[in-house]
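> To be precise about what I am sending: the file is called model_19.txt and holds compact mmCIF, C-alpha atoms.
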```txt
# COMPACT_ATOMS: atom_id res chain seq x y z
CA MET K 124 -1.19 -28.62 6.17
CA ARG K 125 -2.54 -25.14 5.51
CA GLU K 126 -5.02 -26.62 3.03
CA VAL K 127 -6.01 -29.40 5.43
CA LEU K 128 -6.70 -26.91 8.20
CA ALA K 129 -8.58 -24.56 5.88
CA GLN K 130 -10.77 -27.36 4.54
CA ALA K 131 -11.53 -28.64 8.04
CA ALA K 132 -12.39 -25.12 9.19
CA PHE K 133 -14.77 -24.47 6.31
CA GLN K 134 -16.54 -27.76 6.79
CA LEU K 135 -17.22 -26.75 10.38
CA PHE K 136 -18.17 -23.19 9.47
CA LEU K 137 -20.80 -24.53 7.06
CA GLU K 138 -22.07 -27.07 9.58
CA ARG K 139 -22.06 -24.99 12.77
CA GLY K 140 -21.46 -21.42 11.74
CA PHE K 141 -18.33 -19.35 12.18
CA GLU K 142 -19.03 -18.07 15.68
CA ARG K 143 -19.80 -21.54 17.09
CA THR K 144 -16.65 -23.11 15.69
CA THR K 145 -13.54 -23.01 17.88
CA VAL K 146 -9.89 -23.60 17.09
CA ASP K 147 -10.13 -26.81 19.11
CA ASP K 148 -12.96 -27.96 16.85
CA ILE K 149 -10.86 -27.25 13.76
CA VAL K 150 -7.74 -29.09 14.92
CA ALA K 151 -9.87 -32.05 16.06
CA ARG K 152 -11.47 -32.28 12.62
CA ALA K 153 -8.07 -31.93 10.92
CA GLY K 154 -6.44 -34.45 13.26
CA VAL K 155 -3.62 -32.17 14.40
CA GLY K 156 -2.70 -30.30 17.56
CA ARG K 157 -3.34 -26.65 18.49
CA ARG K 158 0.35 -25.90 18.04
CA SER K 159 0.12 -26.97 14.41
CA PHE K 160 -2.82 -24.65 13.84
CA PHE K 161 -1.06 -21.58 15.24
CA ARG K 162 2.07 -22.40 13.29
CA TYR K 163 0.12 -21.63 10.12
CA PHE K 164 -2.63 -19.25 11.25
CA PRO K 165 -2.46 -16.54 13.94
CA SER K 166 -6.23 -16.65 14.48
CA LYS K 167 -9.47 -18.29 13.44
CA GLU K 168 -10.13 -15.39 11.06
CA ASP K 169 -6.87 -16.04 9.22
CA VAL K 170 -7.93 -19.56 8.30
CA VAL K 171 -10.72 -18.06 6.18
CA PHE K 172 -8.09 -16.34 3.99
CA PRO K 173 -5.30 -18.94 3.72
CA ASP K 174 -4.13 -17.87 0.27
CA HIS K 175 -3.84 -14.10 0.53
CA GLU K 176 -0.32 -14.06 1.96
CA GLY K 177 0.90 -16.07 -1.01
CA ALA K 178 -0.90 -13.81 -3.48
CA LEU K 179 0.51 -10.71 -1.81
CA ALA K 180 4.03 -12.12 -1.98
CA GLU K 181 3.55 -13.01 -5.65
CA MET K 182 2.23 -9.52 -6.39
CA THR K 183 5.23 -7.91 -4.67
CA GLU K 184 7.66 -10.08 -6.61
CA PHE K 185 5.87 -9.37 -9.90
CA LEU K 186 5.98 -5.60 -9.40
CA ALA K 187 9.65 -5.68 -8.43
CA ALA K 188 10.53 -7.29 -11.77
CA VAL K 189 8.08 -5.54 -14.10
CA ASP K 190 9.06 -3.11 -16.86
CA ASP K 191 8.74 0.55 -15.87
CA SER K 192 7.34 1.69 -19.21
CA ASP K 193 3.67 1.13 -18.34
CA PRO K 194 3.08 1.60 -14.59
CA VAL K 195 -0.72 1.64 -14.83
CA GLY K 196 -0.75 -1.52 -16.93
CA ALA K 197 1.65 -3.14 -14.46
CA VAL K 198 -0.59 -2.61 -11.43
CA CYS K 199 -3.61 -3.81 -13.43
CA ASP K 200 -1.71 -7.01 -14.28
CA ALA K 201 -0.68 -7.35 -10.64
CA ALA K 202 -4.34 -7.21 -9.59
CA ARG K 203 -5.05 -10.16 -11.88
CA ILE K 204 -2.83 -12.28 -9.65
CA VAL K 205 -5.53 -12.01 -6.98
CA LEU K 206 -8.20 -12.87 -9.52
CA ARG K 207 -6.37 -16.03 -10.54
CA MET K 208 -6.13 -17.02 -6.89
CA TYR K 209 -9.92 -16.85 -6.54
CA ALA K 210 -10.54 -18.53 -9.88
CA ALA K 211 -8.28 -21.48 -9.01
CA ASP K 212 -10.88 -22.82 -6.55
CA PRO K 213 -14.33 -21.43 -7.44
CA GLU K 214 -16.22 -23.50 -4.87
CA PHE K 215 -14.04 -22.39 -1.98
CA SER K 216 -14.07 -18.77 -3.18
CA VAL K 217 -17.87 -18.66 -3.39
CA GLN K 218 -18.22 -20.25 0.07
CA ARG K 219 -15.81 -17.71 1.51
CA TYR K 220 -17.65 -14.83 -0.13
CA ARG K 221 -20.95 -15.96 1.34
CA LEU K 222 -19.38 -16.47 4.75
CA THR K 223 -17.83 -12.99 4.82
CA ARG K 224 -21.24 -11.51 3.97
CA GLU K 225 -22.74 -13.21 7.01
CA VAL K 226 -20.01 -12.48 9.59
CA PRO K 227 -19.24 -8.77 10.16
CA GLY K 228 -15.89 -9.55 11.78
CA LEU K 229 -14.75 -11.40 8.66
CA ARG K 230 -15.85 -8.54 6.45
CA THR K 231 -13.71 -6.17 8.51
CA TYR K 232 -10.77 -8.57 8.26
CA GLU K 233 -11.24 -8.85 4.51
CA LEU K 234 -11.14 -5.07 4.14
CA SER K 235 -7.80 -5.01 5.94
CA VAL K 236 -6.47 -7.58 3.46
CA VAL K 237 -7.74 -5.51 0.53
CA ARG K 238 -6.02 -2.47 1.98
CA ARG K 239 -2.69 -4.32 1.97
CA TYR K 240 -3.07 -5.03 -1.73
CA GLU K 241 -3.88 -1.39 -2.36
CA GLN K 242 -0.85 -0.20 -0.40
CA THR K 243 1.39 -2.56 -2.38
CA LEU K 244 0.12 -1.16 -5.69
CA ALA K 245 0.38 2.42 -4.47
CA GLY K 246 3.95 1.85 -3.28
CA HIS K 247 4.94 0.65 -6.74
CA LEU K 248 3.33 3.67 -8.39
CA ARG K 249 4.97 6.12 -6.00
CA GLY K 250 8.29 4.71 -7.15
CA ARG K 251 7.35 5.65 -10.73
CA PHE K 252 5.53 8.96 -10.18
CA GLY K 253 7.47 10.27 -7.20
CA ALA K 254 6.39 10.57 -3.57
CA ASP K 255 5.97 14.34 -3.56
CA GLY K 256 3.06 16.52 -4.58
CA ASP K 257 0.74 15.10 -7.21
CA GLY K 258 2.93 12.02 -7.68
CA GLU K 259 1.83 10.56 -4.36
CA LEU K 260 -1.77 11.60 -4.93
CA ARG K 261 -1.79 10.03 -8.39
CA ALA K 262 -0.33 6.80 -7.00
CA GLU K 263 -2.94 6.52 -4.25
CA VAL K 264 -5.88 7.32 -6.53
CA ILE K 265 -4.81 4.91 -9.29
CA ALA K 266 -4.18 2.11 -6.79
CA ALA K 267 -7.61 2.64 -5.26
CA SER K 268 -9.18 2.68 -8.73
CA VAL K 269 -7.50 -0.59 -9.70
CA VAL K 270 -8.60 -2.34 -6.50
CA ALA K 271 -12.16 -1.04 -6.81
CA ALA K 272 -12.40 -2.11 -10.46
CA HIS K 273 -10.94 -5.55 -9.75
CA ASN K 274 -13.27 -6.14 -6.80
CA ASN K 275 -16.31 -4.99 -8.76
CA GLY K 276 -15.70 -7.58 -11.48
CA LEU K 277 -14.73 -10.28 -8.97
CA ARG K 278 -17.90 -9.81 -6.92
CA LEU K 279 -20.08 -10.09 -10.00
CA TRP K 280 -18.56 -13.51 -10.58
CA LEU K 281 -18.86 -14.57 -6.93
CA ARG K 282 -22.50 -13.49 -6.74
CA SER K 283 -23.21 -15.66 -9.76
CA GLY K 284 -21.97 -18.66 -7.80
CA GLY K 285 -18.71 -18.84 -9.74
CA ALA K 286 -20.37 -19.35 -13.11
CA GLY K 287 -18.56 -18.43 -16.30
CA ASP K 288 -15.19 -16.79 -16.79
CA PRO K 289 -14.33 -14.28 -14.02
CA GLU K 290 -11.74 -12.58 -16.22
CA VAL K 291 -14.38 -11.11 -18.53
CA ALA K 292 -15.85 -8.70 -15.97
CA VAL K 293 -12.51 -7.94 -14.33
CA ASP K 294 -10.78 -7.23 -17.65
CA HIS K 295 -13.60 -4.88 -18.64
CA ALA K 296 -13.30 -2.99 -15.36
CA LEU K 297 -9.50 -2.75 -15.49
CA ASP K 298 -9.57 -1.63 -19.13
CA LEU K 299 -11.70 1.29 -18.01
CA VAL K 300 -9.11 2.21 -15.39
CA ARG K 301 -6.36 2.11 -18.01
CA LYS K 302 -8.29 4.35 -20.39
CA VAL K 303 -8.74 6.93 -17.66
CA TRP K 304 -5.28 6.86 -16.10
CA GLU K 305 -2.82 5.97 -18.84
CA ARG K 306 -2.88 9.51 -20.19
CA PRO K 307 0.49 11.16 -19.48
CA ALA K 308 0.60 13.04 -16.23
CA GLY K 309 1.35 16.70 -16.64
CA PRO K 310 0.64 20.05 -15.10
CA SER K 311 -2.96 21.17 -15.03
CA PRO K 312 -3.78 23.39 -17.98
CA ALA K 313 -3.32 27.00 -16.98
CA ARG K 314 -6.34 29.21 -17.12
CA GLU K 315 -6.01 32.05 -19.55
CA LYS K 316 -6.03 35.33 -17.72
CA PRO K 317 -8.25 37.98 -19.28
CA ALA K 318 -6.35 40.64 -21.12
CA PRO K 319 -6.15 43.90 -19.19
CA ALA K 320 -8.78 46.45 -20.00
CA GLY K 321 -7.69 49.21 -22.33
CA VAL K 322 -8.96 52.74 -22.93
CA THR K 323 -8.52 54.88 -26.01
CA THR K 324 -9.75 58.37 -26.76
CA THR K 325 -10.66 60.04 -30.00
CA GLY K 326 -11.43 63.63 -30.82
CA SER K 327 -10.61 66.64 -28.66
CA GLY K 328 -12.25 69.10 -26.35
CA ASP K 329 -15.99 68.74 -25.91
CA ASN K 330 -16.10 66.21 -28.76
CA GLU K 331 -13.64 63.82 -27.15
CA VAL K 332 -14.99 60.23 -27.01
CA ILE K 333 -13.72 57.57 -24.61
CA VAL K 334 -13.70 54.00 -25.99
CA MET K 335 -13.41 51.20 -23.44
CA VAL K 336 -12.14 47.80 -24.66
CA ALA K 337 -12.07 44.87 -22.22
CA ALA K 338 -11.74 41.12 -22.67
CA LYS K 339 -14.69 38.97 -21.72
CA GLY K 340 -14.32 37.99 -18.10
CA THR K 341 -12.55 41.18 -17.02
CA PRO K 342 -13.75 42.06 -13.48
CA MET K 343 -16.13 45.00 -13.36
CA TRP K 344 -13.97 46.78 -10.80
CA ARG K 345 -11.13 46.78 -13.32
CA VAL K 346 -13.36 48.26 -16.04
CA VAL K 347 -14.56 51.03 -13.74
CA GLN K 348 -11.03 51.70 -12.57
CA GLN K 349 -9.81 52.18 -16.14
CA ILE K 350 -12.70 54.47 -17.04
CA GLU K 351 -12.16 56.61 -13.96
CA ALA K 352 -8.47 56.86 -14.77
CA ALA K 353 -9.21 57.91 -18.35
CA VAL K 354 -11.74 60.53 -17.27
CA GLY K 355 -9.36 61.87 -14.68
CA GLU K 356 -6.60 62.17 -17.25
CA GLY K 357 -8.91 64.20 -19.48
```
What's the structure tokens form of this structure?

Amino acid sequence: MREVLAQAAFQLFLERGFERTTVDDIVARAGVGRRSFFRYFPSKEDVVFPDHEGALAEMTEFLAAVDDSDPVGAVCDAARIVLRMYAADPEFSVQRYRLTREVPGLRTYELSVVRRYEQTLAGHLRGRFGADGDGELRAEVIAASVVAAHNNGLRLWLRSGGAGDPEVAVDHALDLVRKVWERPAGPSPAREKPAPAGVTTTGSGDNEVIVMVAAKGTPMWRVVQQIEAAVGEG
């Protein structure tokens, strides 16, 4: 029934436009009642994205069962679940892409769906990296990177009208994410502090010579301070 309603809705969207199509129009075309429509879709916008709830549920189930040894690889594989959903029906996916480009309200709705995917990936990564300090930051940034990479490759395919293999561009983009983020997380390298300035003296009396030795990068105030101290001691 979900597919019947979605197909009826898209036929009308293409014929009349999204804004001019009502829920009554959709149920009349599908041959069902309004109650049936709202049993499957909370709103007219939801009928444009009938498969995302299923993909989100599949992603959540996949991440719950995945091996913990490669968290970045796991979220990249989880993103491919969404890709396969789009690739399963290229014609519908291309029509939806074009429709969302034309209707600002649908674009906003689509962004909210994308955000749910991102939050799911980030939640999985927080469970691996920890929810405190840089662990949470790392989880959020990697999840955002995976979603951005996936969507970049997916849109290339959609803009082509669904020609060719969508996995080529998406795999390339996700491989880049893995190369960047699969390096082990560790503390930021500590900056080497310059060695303290040192002063030595040679000779005695009027022939005494002060030799100042300071590491490169030693603040000038420290150099002057050491010289003044040496002169004062003399």
> Could you please determine the separation between atom CA of K:Leu299 and atom CA of K:Thr223 in Å, to one decimal place?
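Separation of atom CA of K:Leu299 and atom CA of K:Thr223: 27.6 Å.
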> Please measure the separation of atom CA of K:Met208 and atom CA of K:Val170, giving the value in Å to one decimal.
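So the answer is 15.5 Å.
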> Excluding K:Val269 and any residue of its chain fewer than 6 positions from it, enumerate the residues within 7 Å of it, using all atoms listed in the file, and give them as an mmCIF file with C-alpha atoms, in the frame of the given file.

```
data_model
loop_
_atom_site.group_PDB
_atom_site.id
_atom_site.type_symbol
_atom_site.label_atom_id
_atom_site.label_comp_id
_atom_site.auth_asym_id
_atom_site.auth_seq_id
_atom_site.Cartn_x
_atom_site.Cartn_y
_atom_site.Cartn_z
ATOM 1 C CA CYS K 199 -3.610 -3.810 -13.430
ATOM 2 C CA LEU K 297 -9.500 -2.750 -15.490
ATOM 3 C CA VAL K 300 -9.110 2.210 -15.390
#
```
> Skipping near chain neighbours, those fewer than 4 positions away, what residues fall within 10 Å of K:Val293 using all atoms listed in the file, listed as a PDB file with C-alpha atoms, in the coordinates of the input?

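File out_11.pdb, as written:
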```pdb
ATOM      1  CA  CYS K 199      -3.610  -3.810 -13.430  1.00  0.00           C
ATOM      2  CA  ALA K 202      -4.340  -7.210  -9.590  1.00  0.00           C
ATOM      3  CA  ARG K 203      -5.050 -10.160 -11.880  1.00  0.00           C
ATOM      4  CA  LEU K 206      -8.200 -12.870  -9.520  1.00  0.00           C
ATOM      5  CA  ALA K 272     -12.400  -2.110 -10.460  1.00  0.00           C
ATOM      6  CA  HIS K 273     -10.940  -5.550  -9.750  1.00  0.00           C
ATOM      7  CA  ASN K 274     -13.270  -6.140  -6.800  1.00  0.00           C
ATOM      8  CA  ASN K 275     -16.310  -4.990  -8.760  1.00  0.00           C
ATOM      9  CA  GLY K 276     -15.700  -7.580 -11.480  1.00  0.00           C
ATOM     10  CA  LEU K 277     -14.730 -10.280  -8.970  1.00  0.00           C
ATOM     11  CA  ARG K 278     -17.900  -9.810  -6.920  1.00  0.00           C
ATOM     12  CA  LEU K 279     -20.080 -10.090 -10.000  1.00  0.00           C
ATOM     13  CA  TRP K 280     -18.560 -13.510 -10.580  1.00  0.00           C
ATOM     14  CA  ASP K 288     -15.190 -16.790 -16.790  1.00  0.00           C
ATOM     15  CA  PRO K 289     -14.330 -14.280 -14.020  1.00  0.00           C
ATOM     16  CA  LEU K 297      -9.500  -2.750 -15.490  1.00  0.00           C
ATOM     17  CA  ASP K 298      -9.570  -1.630 -19.130  1.00  0.00           C
ATOM     18  CA  LEU K 299     -11.700   1.290 -18.010  1.00  0.00           C
TER      19      LEU K 299
END
```
> Could you check how far atom CA of K:Val171 sits from atom CA of K:Arg238, in Å to one decimal?
16.8 Å
> Tell me which of K:Asp174, K:Asp294, K:Glu126, K:Asp200 sits closest to K:Leu186, counting only C-alpha atoms.
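Closest candidate: K:Asp200.
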> Might you pull out every residue within 12 Å of K:Tyr220, with all atoms listed in the file counted and same-chain residues fewer than 3 positions away left off, and present them as a VMD selection string?
chain K and resid 133 171 to 172 209 213 to 217 223 to 226 229 to 230 233 274 277 to 285
> Those same residues - C-alpha atoms - I'd like them written as an mmCIF file, keeping the file's coordinate frame.

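Final file, result.cif:
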```cif
data_model
loop_
_atom_site.group_PDB
_atom_site.id
_atom_site.type_symbol
_atom_site.label_atom_id
_atom_site.label_comp_id
_atom_site.auth_asym_id
_atom_site.auth_seq_id
_atom_site.Cartn_x
_atom_site.Cartn_y
_atom_site.Cartn_z
ATOM 1 C CA PHE K 133 -14.770 -24.470 6.310
ATOM 2 C CA VAL K 171 -10.720 -18.060 6.180
ATOM 3 C CA PHE K 172 -8.090 -16.340 3.990
ATOM 4 C CA TYR K 209 -9.920 -16.850 -6.540
ATOM 5 C CA PRO K 213 -14.330 -21.430 -7.440
ATOM 6 C CA GLU K 214 -16.220 -23.500 -4.870
ATOM 7 C CA PHE K 215 -14.040 -22.390 -1.980
ATOM 8 C CA SER K 216 -14.070 -18.770 -3.180
ATOM 9 C CA VAL K 217 -17.870 -18.660 -3.390
ATOM 10 C CA THR K 223 -17.830 -12.990 4.820
ATOM 11 C CA ARG K 224 -21.240 -11.510 3.970
ATOM 12 C CA GLU K 225 -22.740 -13.210 7.010
ATOM 13 C CA VAL K 226 -20.010 -12.480 9.590
ATOM 14 C CA LEU K 229 -14.750 -11.400 8.660
ATOM 15 C CA ARG K 230 -15.850 -8.540 6.450
ATOM 16 C CA GLU K 233 -11.240 -8.850 4.510
ATOM 17 C CA ASN K 274 -13.270 -6.140 -6.800
ATOM 18 C CA LEU K 277 -14.730 -10.280 -8.970
ATOM 19 C CA ARG K 278 -17.900 -9.810 -6.920
ATOM 20 C CA LEU K 279 -20.080 -10.090 -10.000
ATOM 21 C CA TRP K 280 -18.560 -13.510 -10.580
ATOM 22 C CA LEU K 281 -18.860 -14.570 -6.930
ATOM 23 C CA ARG K 282 -22.500 -13.490 -6.740
ATOM 24 C CA SER K 283 -23.210 -15.660 -9.760
ATOM 25 C CA GLY K 284 -21.970 -18.660 -7.800
ATOM 26 C CA GLY K 285 -18.710 -18.840 -9.740
#
```
> For a quick check of understanding, using only C-alpha atoms, which of K:Arg261, K:Arg239, K:Lys167, K:Arg162 has the smallest distance to K:Ala180?
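Among the listed residues, K:Arg239 lies closest to K:Ala180.
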> Just the residues within 10 Å of K:Gly250, please, counting all atoms listed in the file, with nothing from its chain fewer than 6 positions along; format it as a PDB file with C-alpha atoms, keeping the file's coordinate frame.

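Okay, this is what ended up in part_30.pdb:
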```pdb
ATOM      1  CA  ASP K 191       8.740   0.550 -15.870  1.00  0.00           C
ATOM      2  CA  PRO K 194       3.080   1.600 -14.590  1.00  0.00           C
ATOM      3  CA  GLY K 258       2.930  12.020  -7.680  1.00  0.00           C
ATOM      4  CA  GLU K 259       1.830  10.560  -4.360  1.00  0.00           C
ATOM      5  CA  ALA K 262      -0.330   6.800  -7.000  1.00  0.00           C
TER       6      ALA K 262
END
```
> Taking 6 positions as the minimum chain separation for residues in the same chain, which residues sit within 12 Å of stretch 152-156 of chain K when counting all atoms listed in the file? Answer as a VMD selection string.
chain K and resid 124 to 136 144 to 146 162 to 163
> Point out the residue among K:Lys302, K:Ala210, K:Arg157, K:Ser166 with the least atom-to-atom distance to K:Tyr232, counting only C-alpha atoms.
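Going through K:Lys302, K:Ala210, K:Arg157, K:Ser166 one by one, the smallest distance to K:Tyr232 is for K:Ser166.
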